[in-house]
file target04.cif (mmCIF, C-alpha atoms)
data_upload
loop_
_atom_site.label_atom_id
_atom_site.label_comp_id
_atom_site.auth_asym_id
_atom_site.auth_seq_id
_atom_site.Cartn_x
_atom_site.Cartn_y
_atom_site.Cartn_z
CA MET S 1 158.51 302.71 -10.08
CA GLN S 2 157.57 305.26 -12.70
CA GLN S 3 154.10 305.52 -14.21
CA VAL S 4 154.44 306.46 -17.88
CA ASP S 5 152.59 306.55 -21.17
CA TYR S 6 153.49 303.55 -23.31
CA ASP S 7 154.22 305.64 -26.42
CA ALA S 8 156.83 307.60 -24.46
CA ILE S 9 158.96 304.54 -23.70
CA LYS S 10 158.22 301.97 -26.42
CA GLU S 11 161.44 302.70 -28.33
CA ARG S 12 163.48 301.83 -25.22
CA ILE S 13 162.03 298.32 -24.84
CA LYS S 14 164.35 295.45 -25.85
CA PRO S 15 164.06 291.69 -26.41
CA GLY S 16 164.30 289.83 -23.11
CA ASP S 17 162.58 292.57 -21.12
CA MET S 18 159.59 291.40 -19.12
CA ILE S 19 155.98 292.59 -19.40
CA VAL S 20 154.02 291.94 -16.22
CA PHE S 21 150.25 291.83 -15.78
CA SER S 22 147.73 291.97 -12.95
CA GLY S 23 144.36 290.86 -14.30
CA ARG S 24 140.80 290.62 -13.09
CA LYS S 25 139.69 287.39 -14.77
CA ARG S 26 138.84 284.39 -12.61
CA PHE S 27 142.00 282.33 -13.17
CA GLU S 28 144.21 285.42 -12.77
CA ARG S 29 142.48 286.28 -9.49
CA LEU S 30 143.12 282.70 -8.32
CA ILE S 31 146.83 282.97 -9.16
CA ARG S 32 147.06 286.24 -7.25
CA LEU S 33 145.29 284.73 -4.24
CA VAL S 34 147.38 281.56 -4.01
CA THR S 35 150.75 283.21 -4.67
CA ARG S 36 149.87 286.18 -2.43
CA SER S 37 151.01 288.60 -5.13
CA ILE S 38 149.32 291.15 -7.36
CA ILE S 39 151.03 289.57 -10.38
CA SER S 40 148.93 287.12 -12.39
CA HIS S 41 150.65 286.82 -15.79
CA VAL S 42 153.92 287.59 -17.58
CA GLY S 43 155.15 287.83 -21.15
CA VAL S 44 158.64 288.32 -22.55
CA VAL S 45 159.51 290.85 -25.26
CA CYS S 46 160.55 288.87 -28.34
CA ARG S 47 160.89 291.50 -31.10
CA THR S 48 161.33 295.25 -31.35
CA GLY S 49 161.38 297.70 -34.23
CA LYS S 50 158.30 299.16 -35.85
CA SER S 51 156.29 296.91 -33.53
CA VAL S 52 157.15 295.73 -30.02
CA ASP S 53 155.98 292.12 -29.76
CA VAL S 54 155.52 289.96 -26.68
CA MET S 55 155.67 286.17 -26.54
CA GLU S 56 153.33 284.72 -23.95
CA SER S 57 151.47 281.54 -23.15
CA VAL S 58 147.80 282.05 -22.45
CA GLY S 59 144.98 279.72 -21.48
CA LEU S 60 142.21 278.82 -23.87
CA LYS S 61 139.60 281.58 -24.11
CA GLN S 62 135.94 280.82 -24.71
CA ASN S 63 133.97 282.89 -27.19
CA ARG S 64 130.25 283.56 -26.94
CA LYS S 65 129.40 280.50 -29.06
CA GLY S 66 131.36 278.21 -26.77
CA GLY S 67 134.34 277.68 -29.05
CA GLY S 68 137.97 278.00 -28.04
CA GLU S 69 140.28 280.70 -29.31
CA GLY S 70 143.68 282.22 -28.65
CA GLY S 71 145.28 279.57 -26.41
CA GLY S 72 148.94 278.52 -26.11
CA VAL S 73 152.27 280.17 -26.91
CA GLN S 74 151.81 283.12 -29.22
CA CYS S 75 153.30 286.45 -30.23
CA ARG S 76 151.17 289.57 -29.80
CA GLN S 77 151.71 293.28 -30.29
CA LEU S 78 152.37 295.06 -27.02
CA ALA S 79 150.54 298.20 -28.17
CA LYS S 80 147.32 296.21 -28.57
CA LEU S 81 147.74 294.60 -25.16
CA VAL S 82 148.25 297.99 -23.52
CA GLU S 83 145.13 299.26 -25.23
CA SER S 84 142.83 296.34 -24.42
CA TYR S 85 144.06 294.55 -21.28
CA ASP S 86 141.64 294.45 -18.35
CA GLY S 87 144.03 295.23 -15.52
CA LEU S 88 147.46 296.66 -14.71
CA MET S 89 150.69 296.30 -16.71
CA TRP S 90 154.38 296.99 -16.06
CA TRP S 91 157.57 296.91 -18.13
CA LEU S 92 160.65 295.46 -16.37
CA PRO S 93 163.87 296.21 -18.33
CA LEU S 94 166.76 293.81 -17.91
CA SER S 95 169.73 295.20 -15.99
CA GLU S 96 173.02 295.96 -17.72
CA SER S 97 174.52 292.86 -16.06
CA SER S 98 171.73 290.63 -17.38
CA ARG S 99 171.93 292.28 -20.80
CA SER S 100 175.66 291.56 -21.00
CA ARG S 101 174.92 287.80 -20.74
CA PHE S 102 171.97 287.90 -23.14
CA ASP S 103 172.36 285.89 -26.37
CA LEU S 104 169.72 287.19 -28.77
CA GLU S 105 170.20 284.39 -31.31
CA LYS S 106 169.67 281.60 -28.76
CA PHE S 107 166.77 283.49 -27.20
CA THR S 108 165.04 283.94 -30.56
CA GLN S 109 165.63 280.32 -31.56
CA PHE S 110 164.12 279.05 -28.32
CA LEU S 111 160.97 281.14 -28.70
CA LYS S 112 160.65 280.14 -32.36
CA LEU S 113 160.56 276.47 -31.31
CA ALA S 114 158.14 277.20 -28.45
CA GLU S 115 155.63 279.19 -30.49
CA GLY S 116 152.39 277.31 -31.05
CA LYS S 117 152.79 274.90 -28.12
CA GLN S 118 149.79 274.41 -25.85
CA TYR S 119 149.20 276.12 -22.52
CA ASP S 120 150.25 273.82 -19.67
CA ILE S 121 147.40 273.92 -17.15
CA PRO S 122 148.63 271.11 -14.81
CA GLN S 123 152.15 272.57 -14.54
CA ALA S 124 150.73 276.05 -13.95
CA ILE S 125 148.56 274.78 -11.11
CA CYS S 126 151.47 272.91 -9.51
CA ALA S 127 153.71 275.98 -9.73
CA VAL S 128 151.24 278.32 -8.04
CA LEU S 129 150.46 275.72 -5.35
CA ASP S 130 154.10 275.39 -4.32
CA VAL S 131 153.29 277.64 -1.38
CA ILE S 132 151.63 274.64 0.35
CA ASP S 133 154.48 272.19 -0.15
CA ASP S 134 155.88 272.70 3.33
CA ASN S 135 152.51 272.70 5.07
CA PRO S 136 152.10 269.36 6.92
CA PHE S 137 148.32 269.77 6.90
CA PHE S 138 148.18 269.05 3.16
CA ASN S 139 150.85 266.29 3.05
CA LEU S 140 151.30 267.07 -0.63
CA SER S 141 154.23 267.77 -2.92
CA THR S 142 153.58 269.92 -5.99
CA TYR S 143 157.14 269.79 -7.33
CA SER S 144 157.22 269.94 -11.14
CA GLN S 145 159.87 268.25 -13.24
CA ARG S 146 161.18 270.37 -16.10
CA ASP S 147 158.95 269.74 -19.10
CA PHE S 148 158.89 271.90 -22.25
CA SER S 149 156.26 269.95 -24.20
CA LYS S 150 153.79 272.65 -23.13
CA PHE S 151 154.25 275.99 -21.36
CA PHE S 152 152.54 278.22 -18.85
CA CYS S 153 153.40 281.91 -18.93
CA SER S 154 156.22 282.28 -16.39
CA GLU S 155 157.70 278.89 -17.32
CA LEU S 156 158.04 280.11 -20.91
CA ALA S 157 159.61 283.44 -19.94
CA ALA S 158 162.04 281.90 -17.44
CA ALA S 159 163.06 279.20 -19.92
CA ALA S 160 163.68 281.83 -22.61
CA LEU S 161 165.98 283.79 -20.29
CA GLN S 162 167.82 280.58 -19.41
CA ALA S 163 168.22 279.71 -23.10
CA ALA S 164 169.62 283.20 -23.67
CA GLY S 165 172.25 282.70 -20.95
CA VAL S 166 170.87 285.25 -18.48
CA ILE S 167 170.26 282.44 -15.96
CA THR S 168 172.53 279.40 -15.78
CA GLN S 169 170.85 276.82 -13.51
CA LEU S 170 167.07 276.91 -13.06
CA ASN S 171 163.92 274.79 -13.22
CA PRO S 172 161.54 277.03 -15.21
CA SER S 173 158.62 274.67 -14.51
CA GLU S 174 158.71 275.78 -10.85
CA VAL S 175 158.68 279.54 -11.58
CA THR S 176 155.49 281.51 -10.89
CA PRO S 177 154.79 285.02 -12.25
CA ALA S 178 155.57 286.41 -8.79
CA ASN S 179 158.90 284.53 -8.66
CA LEU S 180 159.91 285.90 -12.05
CA CYS S 181 159.31 289.49 -10.94
CA ALA S 182 161.28 288.89 -7.74
CA PHE S 183 164.37 287.58 -9.55
CA ASN S 184 167.29 290.04 -9.41
CA LEU S 185 167.61 290.34 -13.19
CA TYR S 186 166.24 293.82 -13.79
CA ALA S 187 167.27 297.45 -13.81
CA GLU S 188 166.57 299.49 -10.70
CA ASP S 189 163.81 301.48 -12.41
CA TYR S 190 160.69 299.82 -13.77
CA PHE S 191 157.64 301.34 -15.43
CA GLN S 192 153.89 300.99 -15.12
CA ILE S 193 152.29 301.30 -18.56
CA ARG S 194 148.62 300.65 -17.83
CA GLY S 195 146.16 301.19 -14.98
CA ARG S 196 146.00 302.98 -11.65
CA ARG S 197 149.35 303.51 -9.96
CA LYS S 198 150.53 300.42 -8.10
CA GLU S 199 154.05 299.38 -7.12
CA LEU S 200 155.13 295.75 -7.20
CA ASP S 201 155.35 294.20 -3.73
CA ASP S 202 158.41 292.00 -4.32
CA PHE S 203 160.76 293.10 -7.07
CA ASN S 204 164.35 292.40 -8.09
CA PHE S 205 165.75 290.83 -4.92
CA LEU S 206 165.73 287.03 -5.33
CA SER S 207 168.54 285.02 -6.94
CA ALA S 208 167.31 283.07 -9.96
CA GLU S 209 170.28 280.69 -9.93
CA ASN S 210 169.32 277.16 -8.85
CA PHE S 211 165.72 278.22 -8.26
CA GLY S 212 163.34 275.26 -8.31
CA LEU S 213 166.10 272.65 -8.39
CA PRO S 214 166.09 269.82 -5.81
CA LYS S 215 168.23 270.56 -2.79
CA PRO S 216 171.24 268.27 -2.26
CA SER S 217 170.68 265.57 0.32
CA THR S 218 172.17 266.31 3.76
CA ARG S 219 172.05 262.69 4.93
CA THR S 220 175.34 261.11 5.94
CA ILE S 221 176.33 257.51 5.31
CA ARG S 222 177.21 255.54 8.44
CA ASP S 223 179.12 252.28 8.73
#
call {"tool": "encode", "arguments": {"input": "target04.cif", "output": "structure tokens"}}
result
Amino acid sequence: MQQVDYDAIKERIKPGDMIVFSGRKRFERLIRLVTRSIISHVGVVCRTGKSVDVMESVGLKQNRKGGGEGGGVQCRQLAKLVESYDGLMWWLPLSESSRSRFDLEKFTQFLKLAEGKQYDIPQAICAVLDVIDDNPFFNLSTYSQRDFSKFFCSELAAAALQAAGVITQLNPSEVTPANLCAFNLYAEDYFQIRGRRKELDDFNFLSAENFGLPKPSTRTIRD
């Protein structure tokens, strides 16, 4: 992990790269606690050029007068996020192998269709609570069927990479921000672009293929 100034690396950022956040707001702290990770939010780079833009799905924010603002799937300038975000941020470049499979046209088309959709609170909660699925004390299954009518942040980013051909088989609705950072899709070097120095705990080691899909039944049929 390299800690760098954003202006020094912004021209190297490409569509499909991941921007990772560790925030201090209440819901972000809850995500970090339940998933046992410092990662609370992710966005995917959607455009580069004069401005590097990130597509992300964010929950509804409340202004001082009690009204809602800024929720759902939206495109925002990375420079403004780096300047204003209350927390830590990293840039995870795709590896050369991932980049070789990346279809920019399909990626862009997917995000164009997703932009403006609402933030998916129930699916987000189910995804982060997957850690309790195998705990008999809770007797609860939080498995989420694939559903793109709404999006939470890591579901959007994982689905965009799948649409682009980087991942073949995947259930994006089961992917948490921590899962997305752990997928082995990225270059060896990654870069912290905001906040005190902090390395990611689990990075670039987990296969994304077939993640979140039901496991085949092992039962045998007897006469």
call {"tool": "closest_residue", "arguments": {"input": "target04.cif", "among": "S:Phe148, S:Ser173, S:Arg76, S:Gly165", "to": "Ser98 in chain S", "atoms": "only C-alpha atoms"}}
result
S:Gly165
call {"tool": "closest_residue", "arguments": {"input": "target04.cif", "among": "S:Ser57, S:Asn204, S:Ser37, S:Ser51", "to": "Lys150 in chain S", "atoms": "only C-alpha atoms"}}
result
S:Ser57
call {"tool": "resolve_selection", "arguments": {"input": "target04.cif", "expression": "the PyMOL selection byres ((chain S and resi 2) around 9)", "output": "list in words"}}
result
Met1, Gln3, Val4, Asp189, Tyr190, Phe191, Gln192, Ile193, Arg197 and Glu199 of chain S
call {"tool": "atom_distance", "arguments": {"input": "target04.cif", "atom1": "CA of Lys10 in chain S", "atom2": "CA of Gly43 in chain S"}}
result
15.4 Å
call {"tool": "atom_distance", "arguments": {"input": "target04.cif", "atom1": "CA of Glu115 in chain S", "atom2": "CA of Val82 in chain S"}}
result
21.4 Å
call {"tool": "axis_aligned_box", "arguments": {"input": "target04.cif", "around": "range 82-93 of chain S", "padding_each_side": "5 Å", "output": "AutoDock Vina command-line options"}}
result
--center_x 152.8 --center_y 296.9 --center_z -20.0 --size_x 32.2 --size_y 14.8 --size_z 20.5
call {"tool": "resolve_selection", "arguments": {"input": "target04.cif", "expression": "the PyMOL selection byres ((chain S and resi 53) around 10)", "output": "list in words"}}
result
Ile13, Lys14, Pro15, Gly43, Val44, Val45, Cys46, Arg47, Thr48, Gly49, Lys50, Ser51, Val52, Val54, Met55, Glu56, Gln74, Cys75, Arg76, Gln77, Leu78, Ala79, Lys80 and Leu81 of chain S
call {"tool": "write_last_selection", "arguments": {"input": "target04.cif", "atoms": "C-alpha atoms", "output": "short mmCIF file (atom, residue, chain, number, x, y, z; two decimals), in the frame of the given file"}}
result
data_model
loop_
_atom_site.label_atom_id
_atom_site.label_comp_id
_atom_site.auth_asym_id
_atom_site.auth_seq_id
_atom_site.Cartn_x
_atom_site.Cartn_y
_atom_site.Cartn_z
CA ILE S 13 162.03 298.32 -24.84
CA LYS S 14 164.35 295.45 -25.85
CA PRO S 15 164.06 291.69 -26.41
CA GLY S 43 155.15 287.83 -21.15
CA VAL S 44 158.64 288.32 -22.55
CA VAL S 45 159.51 290.85 -25.26
CA CYS S 46 160.55 288.87 -28.34
CA ARG S 47 160.89 291.50 -31.10
CA THR S 48 161.33 295.25 -31.35
CA GLY S 49 161.38 297.70 -34.23
CA LYS S 50 158.30 299.16 -35.85
CA SER S 51 156.29 296.91 -33.53
CA VAL S 52 157.15 295.73 -30.02
CA VAL S 54 155.52 289.96 -26.68
CA MET S 55 155.67 286.17 -26.54
CA GLU S 56 153.33 284.72 -23.95
CA GLN S 74 151.81 283.12 -29.22
CA CYS S 75 153.30 286.45 -30.23
CA ARG S 76 151.17 289.57 -29.80
CA GLN S 77 151.71 293.28 -30.29
CA LEU S 78 152.37 295.06 -27.02
CA ALA S 79 150.54 298.20 -28.17
CA LYS S 80 147.32 296.21 -28.57
CA LEU S 81 147.74 294.60 -25.16
#
call {"tool": "resolve_selection", "arguments": {"input": "target04.cif", "expression": "the PyMOL selection byres ((chain S and resi 19) around 6)", "output": "list in words"}}
result
Met18, Val20, Val42, Gly43, Val44, Trp90 and Trp91 of chain S
call {"tool": "closest_residue", "arguments": {"input": "target04.cif", "among": "S:Arg101, S:Lys106, S:Arg36, S:Lys112", "to": "Thr168 in chain S", "atoms": "only C-alpha atoms"}}
result
S:Arg101
call {"tool": "build_atoms", "arguments": {"input": "target04.cif", "residues": "range 166-187 of chain S", "atoms": "N, CA and C atoms", "output": "PDB file, in the coordinates of the input"}}
result
ATOM      1  N   VAL S 166     171.019 284.305 -19.593  1.00  0.00           N
ATOM      2  CA  VAL S 166     170.870 285.250 -18.480  1.00  0.00           C
ATOM      3  C   VAL S 166     170.883 284.515 -17.150  1.00  0.00           C
ATOM      4  N   ILE S 167     170.275 283.318 -17.129  1.00  0.00           N
ATOM      5  CA  ILE S 167     170.260 282.440 -15.960  1.00  0.00           C
ATOM      6  C   ILE S 167     170.957 281.141 -16.357  1.00  0.00           C
ATOM      7  N   THR S 168     171.788 280.616 -15.456  1.00  0.00           N
ATOM      8  CA  THR S 168     172.530 279.400 -15.780  1.00  0.00           C
ATOM      9  C   THR S 168     171.778 278.141 -15.359  1.00  0.00           C
ATOM     10  N   GLN S 169     171.514 277.999 -14.064  1.00  0.00           N
ATOM     11  CA  GLN S 169     170.850 276.820 -13.510  1.00  0.00           C
ATOM     12  C   GLN S 169     169.483 277.218 -12.954  1.00  0.00           C
ATOM     13  N   LEU S 170     168.427 276.528 -13.440  1.00  0.00           N
ATOM     14  CA  LEU S 170     167.070 276.910 -13.060  1.00  0.00           C
ATOM     15  C   LEU S 170     166.115 275.807 -13.501  1.00  0.00           C
ATOM     16  N   ASN S 171     165.024 275.622 -12.760  1.00  0.00           N
ATOM     17  CA  ASN S 171     163.920 274.790 -13.220  1.00  0.00           C
ATOM     18  C   ASN S 171     162.753 275.709 -13.569  1.00  0.00           C
ATOM     19  N   PRO S 172     162.597 276.083 -14.835  1.00  0.00           N
ATOM     20  CA  PRO S 172     161.540 277.030 -15.210  1.00  0.00           C
ATOM     21  C   PRO S 172     160.140 276.537 -14.868  1.00  0.00           C
ATOM     22  N   SER S 173     159.948 275.227 -14.781  1.00  0.00           N
ATOM     23  CA  SER S 173     158.620 274.670 -14.510  1.00  0.00           C
ATOM     24  C   SER S 173     158.168 274.912 -13.082  1.00  0.00           C
ATOM     25  N   GLU S 174     159.053 275.443 -12.233  1.00  0.00           N
ATOM     26  CA  GLU S 174     158.710 275.780 -10.850  1.00  0.00           C
ATOM     27  C   GLU S 174     158.529 277.288 -10.642  1.00  0.00           C
ATOM     28  N   VAL S 175     158.680 278.080 -11.706  1.00  0.00           N
ATOM     29  CA  VAL S 175     158.680 279.540 -11.580  1.00  0.00           C
ATOM     30  C   VAL S 175     157.278 280.103 -11.766  1.00  0.00           C
ATOM     31  N   THR S 176     156.779 280.827 -10.779  1.00  0.00           N
ATOM     32  CA  THR S 176     155.490 281.510 -10.890  1.00  0.00           C
ATOM     33  C   THR S 176     155.705 282.929 -11.417  1.00  0.00           C
ATOM     34  N   PRO S 177     154.642 283.608 -11.861  1.00  0.00           N
ATOM     35  CA  PRO S 177     154.790 285.020 -12.250  1.00  0.00           C
ATOM     36  C   PRO S 177     155.401 285.885 -11.158  1.00  0.00           C
ATOM     37  N   ALA S 178     155.009 285.637  -9.899  1.00  0.00           N
ATOM     38  CA  ALA S 178     155.570 286.410  -8.790  1.00  0.00           C
ATOM     39  C   ALA S 178     157.059 286.146  -8.625  1.00  0.00           C
ATOM     40  N   ASN S 179     157.467 284.876  -8.742  1.00  0.00           N
ATOM     41  CA  ASN S 179     158.900 284.530  -8.660  1.00  0.00           C
ATOM     42  C   ASN S 179     159.696 285.276  -9.718  1.00  0.00           C
ATOM     43  N   LEU S 180     159.184 285.284 -10.944  1.00  0.00           N
ATOM     44  CA  LEU S 180     159.910 285.900 -12.050  1.00  0.00           C
ATOM     45  C   LEU S 180     160.139 287.382 -11.817  1.00  0.00           C
ATOM     46  N   CYS S 181     159.159 288.058 -11.245  1.00  0.00           N
ATOM     47  CA  CYS S 181     159.310 289.490 -10.940  1.00  0.00           C
ATOM     48  C   CYS S 181     160.284 289.720  -9.800  1.00  0.00           C
ATOM     49  N   ALA S 182     160.387 288.748  -8.892  1.00  0.00           N
ATOM     50  CA  ALA S 182     161.280 288.890  -7.740  1.00  0.00           C
ATOM     51  C   ALA S 182     162.733 288.611  -8.089  1.00  0.00           C
ATOM     52  N   PHE S 183     162.986 287.886  -9.178  1.00  0.00           N
ATOM     53  CA  PHE S 183     164.370 287.580  -9.550  1.00  0.00           C
ATOM     54  C   PHE S 183     165.180 288.854  -9.758  1.00  0.00           C
ATOM     55  N   ASN S 184     166.446 288.842  -9.316  1.00  0.00           N
ATOM     56  CA  ASN S 184     167.290 290.040  -9.410  1.00  0.00           C
ATOM     57  C   ASN S 184     167.978 290.110 -10.774  1.00  0.00           C
ATOM     58  N   LEU S 185     167.149 290.306 -11.800  1.00  0.00           N
ATOM     59  CA  LEU S 185     167.610 290.340 -13.190  1.00  0.00           C
ATOM     60  C   LEU S 185     167.396 291.702 -13.842  1.00  0.00           C
ATOM     61  N   TYR S 186     166.761 292.625 -13.135  1.00  0.00           N
ATOM     62  CA  TYR S 186     166.240 293.820 -13.790  1.00  0.00           C
ATOM     63  C   TYR S 186     166.958 295.088 -13.356  1.00  0.00           C
ATOM     64  N   ALA S 187     166.750 296.124 -14.158  1.00  0.00           N
ATOM     65  CA  ALA S 187     167.270 297.450 -13.810  1.00  0.00           C
ATOM     66  C   ALA S 187     166.548 297.972 -12.572  1.00  0.00           C
TER      67      ALA S 187
END
